[in-house]
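Containing PDB, C-alpha atoms, pLDDT in the B column: coords-v5.pdb.
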ATOM      1  CA  MET A  27     295.821 162.094  92.882  1.00 48.00           C
ATOM      2  CA  ASP A  28     298.405 164.831  92.968  1.00 48.00           C
ATOM      3  CA  CYS A  29     302.018 164.004  92.163  1.00 45.00           C
ATOM      4  CA  PRO A  30     304.421 163.785  95.135  1.00 46.00           C
ATOM      5  CA  LYS A  31     306.972 166.530  95.610  1.00 50.00           C
ATOM      6  CA  ARG A  32     310.549 165.953  94.504  1.00 54.00           C
ATOM      7  CA  SER A  33     312.961 165.453  97.406  1.00 54.00           C
ATOM      8  CA  ALA A  34     316.500 164.039  97.573  1.00 60.00           C
ATOM      9  CA  PRO A  35     317.114 161.463 100.356  1.00 65.00           C
ATOM     10  CA  ALA A  36     319.971 162.211 102.758  1.00 61.00           C
ATOM     11  CA  GLY A  37     320.888 165.385 100.889  1.00 68.00           C
ATOM     12  CA  LEU A  38     322.405 163.436  97.984  1.00 74.00           C
ATOM     13  CA  PRO A  39     322.198 164.791  94.416  1.00 80.00           C
ATOM     14  CA  TYR A  40     318.701 163.996  93.166  1.00 78.00           C
ATOM     15  CA  ASP A  41     319.630 163.229  89.551  1.00 81.00           C
ATOM     16  CA  ALA A  42     322.552 161.037  90.618  1.00 82.00           C
ATOM     17  CA  ILE A  43     320.274 158.881  92.809  1.00 82.00           C
ATOM     18  CA  VAL A  44     317.759 158.435  89.988  1.00 82.00           C
ATOM     19  CA  GLU A  45     320.533 157.509  87.567  1.00 83.00           C
ATOM     20  CA  THR A  46     321.929 154.943  90.028  1.00 83.00           C
ATOM     21  CA  LEU A  47     318.531 153.374  90.741  1.00 81.00           C
ATOM     22  CA  ALA A  48     317.871 153.092  87.002  1.00 80.00           C
ATOM     23  CA  ARG A  49     320.794 150.623  86.769  1.00 80.00           C
ATOM     24  CA  LEU A  50     319.463 148.305  89.507  1.00 78.00           C
ATOM     25  CA  PRO A  51     317.084 145.337  89.191  1.00 71.00           C
ATOM     26  CA  SER A  52     313.431 146.129  89.776  1.00 69.00           C
ATOM     27  CA  ARG A  53     313.328 143.950  92.930  1.00 68.00           C
ATOM     28  CA  SER A  54     316.095 146.032  94.538  1.00 76.00           C
ATOM     29  CA  VAL A  55     314.376 149.292  93.619  1.00 76.00           C
ATOM     30  CA  TYR A  56     311.162 148.005  95.180  1.00 71.00           C
ATOM     31  CA  ARG A  57     312.995 147.198  98.439  1.00 76.00           C
ATOM     32  CA  PHE A  58     314.496 150.690  98.595  1.00 78.00           C
ATOM     33  CA  LYS A  59     310.950 152.069  98.872  1.00 76.00           C
ATOM     34  CA  CYS A  60     310.900 150.657 102.425  1.00 76.00           C
ATOM     35  CA  VAL A  61     314.078 152.479 103.543  1.00 80.00           C
ATOM     36  CA  ALA A  62     312.464 155.838 104.244  1.00 80.00           C
ATOM     37  CA  LYS A  63     309.606 158.040 103.112  1.00 81.00           C
ATOM     38  CA  ALA A  64     311.972 160.217 101.053  1.00 81.00           C
ATOM     39  CA  TRP A  65     313.181 157.132  99.160  1.00 79.00           C
ATOM     40  CA  ARG A  66     309.608 155.972  98.555  1.00 79.00           C
ATOM     41  CA  ASP A  67     308.573 159.399  97.250  1.00 81.00           C
ATOM     42  CA  LEU A  68     311.565 159.539  94.928  1.00 81.00           C
ATOM     43  CA  ILE A  69     310.869 156.103  93.452  1.00 79.00           C
ATOM     44  CA  GLU A  70     307.119 156.723  93.111  1.00 78.00           C
ATOM     45  CA  ASP A  71     307.569 160.186  91.607  1.00 79.00           C
ATOM     46  CA  PRO A  72     305.762 160.087  88.209  1.00 72.00           C
ATOM     47  CA  LEU A  73     308.689 161.978  86.655  1.00 76.00           C
ATOM     48  CA  ASN A  74     310.997 159.071  87.541  1.00 76.00           C
ATOM     49  CA  ARG A  75     308.806 156.054  86.783  1.00 70.00           C
ATOM     50  CA  LYS A  76     309.793 155.835  83.134  1.00 71.00           C
ATOM     51  CA  LYS A  77     313.476 156.009  84.077  1.00 76.00           C
ATOM     52  CA  LEU A  78     313.410 153.327  86.779  1.00 75.00           C
ATOM     53  CA  PRO A  79     312.920 149.578  86.223  1.00 66.00           C
ATOM     54  CA  GLN A  80     309.334 148.512  86.711  1.00 65.00           C
ATOM     55  CA  THR A  81     307.881 145.320  88.127  1.00 65.00           C
ATOM     56  CA  LEU A  82     304.378 143.962  87.686  1.00 70.00           C
ATOM     57  CA  GLU A  83     302.931 143.740  91.197  1.00 74.00           C
ATOM     58  CA  GLY A  84     299.630 142.222  90.135  1.00 80.00           C
ATOM     59  CA  PHE A  85     296.732 142.581  87.749  1.00 83.00           C
ATOM     60  CA  PHE A  86     292.945 142.665  87.647  1.00 85.00           C
ATOM     61  CA  PHE A  87     290.939 140.301  85.475  1.00 85.00           C
ATOM     62  CA  ILE A  88     287.266 139.744  84.700  1.00 82.00           C
ATOM     63  CA  ASP A  89     285.698 136.284  84.882  1.00 77.00           C
ATOM     64  CA  LYS A  90     282.117 136.336  83.629  1.00 69.00           C
ATOM     65  CA  PRO A  91     279.789 134.450  81.294  1.00 64.00           C
ATOM     66  CA  ASP A  92     279.423 135.699  77.731  1.00 66.00           C
ATOM     67  CA  GLY A  93     276.730 138.294  77.247  1.00 63.00           C
ATOM     68  CA  VAL A  94     276.816 139.423  80.890  1.00 63.00           C
ATOM     69  CA  ALA A  95     277.877 142.933  81.893  1.00 66.00           C
ATOM     70  CA  SER A  96     281.271 143.259  83.620  1.00 72.00           C
ATOM     71  CA  VAL A  97     279.824 144.174  86.997  1.00 78.00           C
ATOM     72  CA  VAL A  98     282.225 144.630  89.876  1.00 77.00           C
ATOM     73  CA  LYS A  99     281.452 141.205  91.375  1.00 76.00           C
ATOM     74  CA  HIS A 100     283.112 139.604  88.334  1.00 77.00           C
ATOM     75  CA  VAL A 101     286.372 141.512  88.872  1.00 83.00           C
ATOM     76  CA  ASP A 102     289.257 139.797  90.681  1.00 82.00           C
ATOM     77  CA  PHE A 103     292.928 140.490  91.387  1.00 85.00           C
ATOM     78  CA  ILE A 104     296.066 138.325  91.277  1.00 82.00           C
ATOM     79  CA  ASN A 105     299.026 139.346  93.450  1.00 79.00           C
ATOM     80  CA  LEU A 106     302.355 138.551  91.791  1.00 76.00           C
ATOM     81  CA  LEU A 107     304.541 139.714  94.674  1.00 69.00           C
ATOM     82  CA  PRO A 108     305.989 137.309  97.274  1.00 64.00           C
ATOM     83  CA  ARG A 109     303.631 136.478 100.103  1.00 61.00           C
ATOM     84  CA  SER A 110     305.883 138.406 102.492  1.00 59.00           C
ATOM     85  CA  VAL A 111     304.957 141.606 100.607  1.00 56.00           C
ATOM     86  CA  PRO A 112     301.127 141.624 100.560  1.00 61.00           C
ATOM     87  CA  LEU A 113     299.256 144.272  98.634  1.00 68.00           C
ATOM     88  CA  ASP A 114     296.356 146.082 100.232  1.00 76.00           C
ATOM     89  CA  ILE A 115     294.041 145.536  97.275  1.00 83.00           C
ATOM     90  CA  ASP A 116     290.318 144.983  97.641  1.00 85.00           C
ATOM     91  CA  PRO A 117     289.236 143.163  94.452  1.00 82.00           C
ATOM     92  CA  ARG A 118     285.563 143.591  95.354  1.00 84.00           C
ATOM     93  CA  PHE A 119     285.949 147.368  95.788  1.00 90.00           C
ATOM     94  CA  SER A 120     283.962 147.319  99.019  1.00 90.00           C
ATOM     95  CA  PHE A 121     285.163 150.863  99.748  1.00 90.00           C
ATOM     96  CA  LEU A 122     282.807 151.806  96.894  1.00 91.00           C
ATOM     97  CA  THR A 123     280.091 149.159  96.769  1.00 88.00           C
ATOM     98  CA  LYS A 124     279.209 149.455 100.474  1.00 89.00           C
ATOM     99  CA  ARG A 125     278.384 153.127 100.133  1.00 90.00           C
ATOM    100  CA  PRO A 126     274.589 153.625 100.202  1.00 89.00           C
ATOM    101  CA  GLU A 127     274.563 155.993  97.218  1.00 89.00           C
ATOM    102  CA  ILE A 128     276.250 153.398  94.954  1.00 90.00           C
ATOM    103  CA  GLU A 129     273.776 151.147  93.109  1.00 89.00           C
ATOM    104  CA  ASN A 130     275.786 149.034  90.630  1.00 89.00           C
ATOM    105  CA  LEU A 131     279.255 149.366  89.093  1.00 91.00           C
ATOM    106  CA  VAL A 132     280.189 148.094  85.629  1.00 90.00           C
ATOM    107  CA  PHE A 133     283.849 147.991  84.631  1.00 91.00           C
ATOM    108  CA  SER A 134     284.510 150.214  81.622  1.00 91.00           C
ATOM    109  CA  ASP A 135     288.253 150.871  81.206  1.00 93.00           C
ATOM    110  CA  SER A 136     291.638 151.194  82.916  1.00 92.00           C
ATOM    111  CA  CYS A 137     294.754 153.258  82.302  1.00 92.00           C
ATOM    112  CA  ASN A 138     298.067 153.473  84.188  1.00 87.00           C
ATOM    113  CA  GLY A 139     296.760 152.303  87.555  1.00 87.00           C
ATOM    114  CA  LEU A 140     293.333 153.976  87.449  1.00 93.00           C
ATOM    115  CA  LEU A 141     290.047 152.135  86.842  1.00 94.00           C
ATOM    116  CA  LEU A 142     286.870 153.505  85.297  1.00 95.00           C
ATOM    117  CA  PHE A 143     283.414 152.219  86.280  1.00 94.00           C
ATOM    118  CA  ASP A 144     279.991 153.072  84.903  1.00 91.00           C
ATOM    119  CA  HIS A 145     277.668 153.785  87.836  1.00 93.00           C
ATOM    120  CA  VAL A 146     274.351 152.360  86.648  1.00 89.00           C
ATOM    121  CA  ARG A 147     270.954 151.759  88.188  1.00 88.00           C
ATOM    122  CA  LYS A 148     270.407 148.199  89.434  1.00 85.00           C
ATOM    123  CA  SER A 149     267.054 147.921  87.694  1.00 83.00           C
ATOM    124  CA  ASN A 150     268.292 149.257  84.338  1.00 79.00           C
ATOM    125  CA  SER A 151     271.894 149.099  83.131  1.00 73.00           C
ATOM    126  CA  LEU A 152     271.080 151.672  80.411  1.00 72.00           C
ATOM    127  CA  ASP A 153     270.326 154.230  83.121  1.00 82.00           C
ATOM    128  CA  VAL A 154     273.867 155.529  83.680  1.00 85.00           C
ATOM    129  CA  LEU A 155     273.920 157.626  86.840  1.00 90.00           C
ATOM    130  CA  GLY A 156     277.520 158.741  86.406  1.00 92.00           C
ATOM    131  CA  TYR A 157     281.089 157.476  86.365  1.00 95.00           C
ATOM    132  CA  ILE A 158     283.620 156.600  89.029  1.00 95.00           C
ATOM    133  CA  VAL A 159     287.389 156.750  88.575  1.00 96.00           C
ATOM    134  CA  CYS A 160     289.383 155.115  91.348  1.00 95.00           C
ATOM    135  CA  ASN A 161     292.904 154.120  92.308  1.00 92.00           C
ATOM    136  CA  PRO A 162     292.604 150.613  93.811  1.00 90.00           C
ATOM    137  CA  ALA A 163     296.042 150.885  95.424  1.00 83.00           C
ATOM    138  CA  THR A 164     295.258 154.025  97.436  1.00 86.00           C
ATOM    139  CA  LYS A 165     291.442 153.602  97.502  1.00 90.00           C
ATOM    140  CA  GLN A 166     291.086 157.190  96.286  1.00 91.00           C
ATOM    141  CA  TRP A 167     288.080 157.723  94.036  1.00 94.00           C
ATOM    142  CA  GLU A 168     286.130 160.446  92.313  1.00 94.00           C
ATOM    143  CA  THR A 169     282.562 160.572  91.024  1.00 94.00           C
ATOM    144  CA  LEU A 170     281.873 162.171  87.660  1.00 94.00           C
ATOM    145  CA  PRO A 171     278.581 163.266  86.075  1.00 92.00           C
ATOM    146  CA  THR A 172     277.213 161.837  82.852  1.00 88.00           C
ATOM    147  CA  CYS A 173     277.767 163.719  79.639  1.00 84.00           C
ATOM    148  CA  SER A 174     275.048 166.314  79.130  1.00 76.00           C
ATOM    149  CA  CYS A 175     276.227 166.933  75.558  1.00 74.00           C
ATOM    150  CA  CYS A 176     274.922 163.594  74.213  1.00 69.00           C
ATOM    151  CA  LEU A 177     271.405 162.337  73.631  1.00 64.00           C
ATOM    152  CA  PRO A 178     269.867 160.009  76.264  1.00 63.00           C
ATOM    153  CA  LEU A 179     270.828 156.342  75.902  1.00 60.00           C
ATOM    154  CA  THR A 180     268.264 153.938  74.426  1.00 59.00           C
ATOM    155  CA  ASP A 181     268.067 150.234  73.545  1.00 55.00           C
ATOM    156  CA  CYS A 182     269.361 151.188  70.082  1.00 56.00           C
ATOM    157  CA  SER A 183     272.378 153.085  71.420  1.00 64.00           C
ATOM    158  CA  ASP A 184     275.956 151.875  71.453  1.00 75.00           C
ATOM    159  CA  TRP A 185     278.404 153.771  73.607  1.00 77.00           C
ATOM    160  CA  TYR A 186     282.006 153.462  74.720  1.00 86.00           C
ATOM    161  CA  THR A 187     283.773 155.489  77.399  1.00 91.00           C
ATOM    162  CA  PHE A 188     287.558 155.381  77.643  1.00 94.00           C
ATOM    163  CA  LEU A 189     289.946 156.591  80.343  1.00 96.00           C
ATOM    164  CA  ALA A 190     293.152 158.491  79.490  1.00 96.00           C
ATOM    165  CA  PHE A 191     295.766 159.063  82.212  1.00 94.00           C
ATOM    166  CA  ASP A 192     299.543 159.522  82.160  1.00 87.00           C
ATOM    167  CA  PRO A 193     301.015 160.340  85.606  1.00 79.00           C
ATOM    168  CA  ALA A 194     304.317 161.271  83.985  1.00 72.00           C
ATOM    169  CA  VAL A 195     302.566 164.149  82.230  1.00 81.00           C
ATOM    170  CA  SER A 196     299.858 165.258  84.651  1.00 86.00           C
ATOM    171  CA  SER A 197     297.979 164.171  87.755  1.00 87.00           C
ATOM    172  CA  HIS A 198     294.711 164.862  85.897  1.00 93.00           C
ATOM    173  CA  PHE A 199     292.809 162.354  83.757  1.00 96.00           C
ATOM    174  CA  HIS A 200     290.381 162.515  80.836  1.00 96.00           C
ATOM    175  CA  LEU A 201     287.331 160.538  79.716  1.00 96.00           C
ATOM    176  CA  ILE A 202     286.486 160.110  76.032  1.00 94.00           C
ATOM    177  CA  HIS A 203     282.853 159.163  75.337  1.00 89.00           C
ATOM    178  CA  PHE A 204     281.666 157.851  71.959  1.00 86.00           C
ATOM    179  CA  GLN A 205     277.971 157.288  71.293  1.00 80.00           C
ATOM    180  CA  PHE A 206     276.235 155.807  68.265  1.00 75.00           C
ATOM    181  CA  GLY A 207     272.507 155.628  67.567  1.00 65.00           C
ATOM    182  CA  GLY A 208     269.798 157.419  69.469  1.00 51.00           C
ATOM    183  CA  GLY A 209     269.083 159.245  66.211  1.00 50.00           C
ATOM    184  CA  TYR A 210     266.135 161.302  65.135  1.00 50.00           C
ATOM    185  CA  TYR A 211     263.323 160.450  62.744  1.00 50.00           C
ATOM    186  CA  GLU A 212     262.581 161.985  59.379  1.00 53.00           C
ATOM    187  CA  GLU A 213     259.751 161.632  56.922  1.00 54.00           C
ATOM    188  CA  ALA A 214     260.384 160.929  53.270  1.00 53.00           C
ATOM    189  CA  GLU A 215     258.153 160.437  50.248  1.00 52.00           C
ATOM    190  CA  ALA A 216     258.510 157.296  48.155  1.00 53.00           C
ATOM    191  CA  LEU A 217     258.165 157.217  44.358  1.00 54.00           C
ATOM    192  CA  ASP A 218     254.596 156.002  44.656  1.00 59.00           C
ATOM    193  CA  GLY A 219     253.672 159.030  46.761  1.00 59.00           C
ATOM    194  CA  GLN A 220     253.475 157.149  50.055  1.00 61.00           C
ATOM    195  CA  MET A 221     255.154 158.644  53.130  1.00 55.00           C
ATOM    196  CA  PHE A 222     257.464 156.616  55.314  1.00 52.00           C
ATOM    197  CA  VAL A 223     259.559 157.361  58.383  1.00 53.00           C
ATOM    198  CA  TYR A 224     263.185 156.390  58.848  1.00 50.00           C
ATOM    199  CA  SER A 225     265.762 156.912  61.562  1.00 53.00           C
ATOM    200  CA  ARG A 226     268.899 158.904  60.851  1.00 52.00           C
ATOM    201  CA  PRO A 227     271.762 157.577  63.058  1.00 58.00           C
ATOM    202  CA  VAL A 228     273.793 160.021  65.097  1.00 61.00           C
ATOM    203  CA  PHE A 229     277.460 159.850  66.099  1.00 74.00           C
ATOM    204  CA  GLN A 230     278.596 161.954  69.037  1.00 81.00           C
ATOM    205  CA  MET A 231     281.894 162.338  70.872  1.00 87.00           C
ATOM    206  CA  CYS A 232     282.465 164.158  74.160  1.00 90.00           C
ATOM    207  CA  SER A 233     285.423 164.494  76.496  1.00 93.00           C
ATOM    208  CA  TYR A 234     285.747 165.153  80.215  1.00 95.00           C
ATOM    209  CA  SER A 235     288.708 166.829  81.940  1.00 95.00           C
ATOM    210  CA  SER A 236     289.238 166.247  85.650  1.00 95.00           C
ATOM    211  CA  GLU A 237     291.197 169.505  85.766  1.00 94.00           C
ATOM    212  CA  ALA A 238     288.297 171.569  84.393  1.00 93.00           C
ATOM    213  CA  GLY A 239     285.620 169.332  85.915  1.00 92.00           C
ATOM    214  CA  THR A 240     283.367 169.638  82.856  1.00 92.00           C
ATOM    215  CA  TRP A 241     282.341 167.788  79.702  1.00 93.00           C
ATOM    216  CA  SER A 242     282.831 169.311  76.266  1.00 91.00           C
ATOM    217  CA  GLN A 243     281.530 168.157  72.885  1.00 84.00           C
ATOM    218  CA  SER A 244     283.975 167.460  70.076  1.00 72.00           C
TER     219      SER A 244
END
Translate the structure described by the file into structure tokens.
Amino acid sequence: MDCPKRSAPAGLPYDAIVETLARLPSRSVYRFKCVAKAWRDLIEDPLNRKKLPQTLEGFFFIDKPDGVASVVKHVDFINLLPRSVPLDIDPRFSFLTKRPEIENLVFSDSCNGLLLFDHVRKSNSLDVLGYIVCNPATKQWETLPTCSCCLPLTDCSDWYTFLAFDPAVSSHFHLIHFQFGGGYYEEAEALDGQMFVYSRPVFQMCSYSSEAGTWSQS
């Protein structure tokens, strides 16, 4: 997921080309990507994306019954480009699901073209085996371990994992994991002298950096 190198097509001034393309309609800019590899790299350069006009090429959506996990089979994609410009998008993510080590994928989050899936055991969705971040356009993907900083998930746990990625800043991404519940038990004495046990809830937050390749607790 590294950023492409900056190169000026045909030896023209790089900044002048970017400034000219920024004044064109998004459809024209998209067509210029087919002129040559140097033009494509210039237009797709993360440093230029915020300067150039953007067009929505398509989007993913989830169609599932209420109360059902957002497993990958419920994910679909709508192509908004003309039929003469097909996108090589696999809405069923077969490049992941057909791998023998993959059990079940549950959609968790998306950010700037990357998707985050929880890799869970088929027999128990609470048994999170890890995470997968993928780029559906390039079919590049990366497996990530679960957070060792947090307590194991239980039926009483609530957790949320978010993806943070800005290609204009860095080619690396981050995961932010929040977890509630899974607390510990304490004994307390009531006014009548009887002992009772109660659960003290726990809030935990951890973050993962793809650059460092490790989780850290916040």
Can you tell me, as an MDAnalysis selection string, which residues sit within 12 Å of (294.3, 154.2, 91.9) in the file's frame, using all atoms listed in the file? chainID A and resid 27:28 114:116 119 136:142 158:168 191 193 197 199
My list of candidates is A:Ala48, A:Trp65, A:His100, A:Asn105. Which is closest to A:Leu82 when distances are computed with all atoms listed in the file?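 Among A:Ala48, A:Trp65, A:His100, A:Asn105, it is A:Asn105 that comes nearest to A:Leu82.
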Atomic separation - atom CA of A:Glu129 relative to atom CA of A:Phe143, Å: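 Atom CA of A:Phe143 sits 11.9 Å away from atom CA of A:Glu129.
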Length of the atom CA of A:Pro51 to atom CA of A:His198 vector [Å]: 29.9 Å
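Pairwise distance (atom CA of A:Arg57, atom CA of A:Arg75) equals 15.2 Å.
Proximity of A:Val97, A:Thr169, A:Cys175, A:Phe206 to A:Gln243, computed with all atoms listed in the file, is greatest for A:Cys175.
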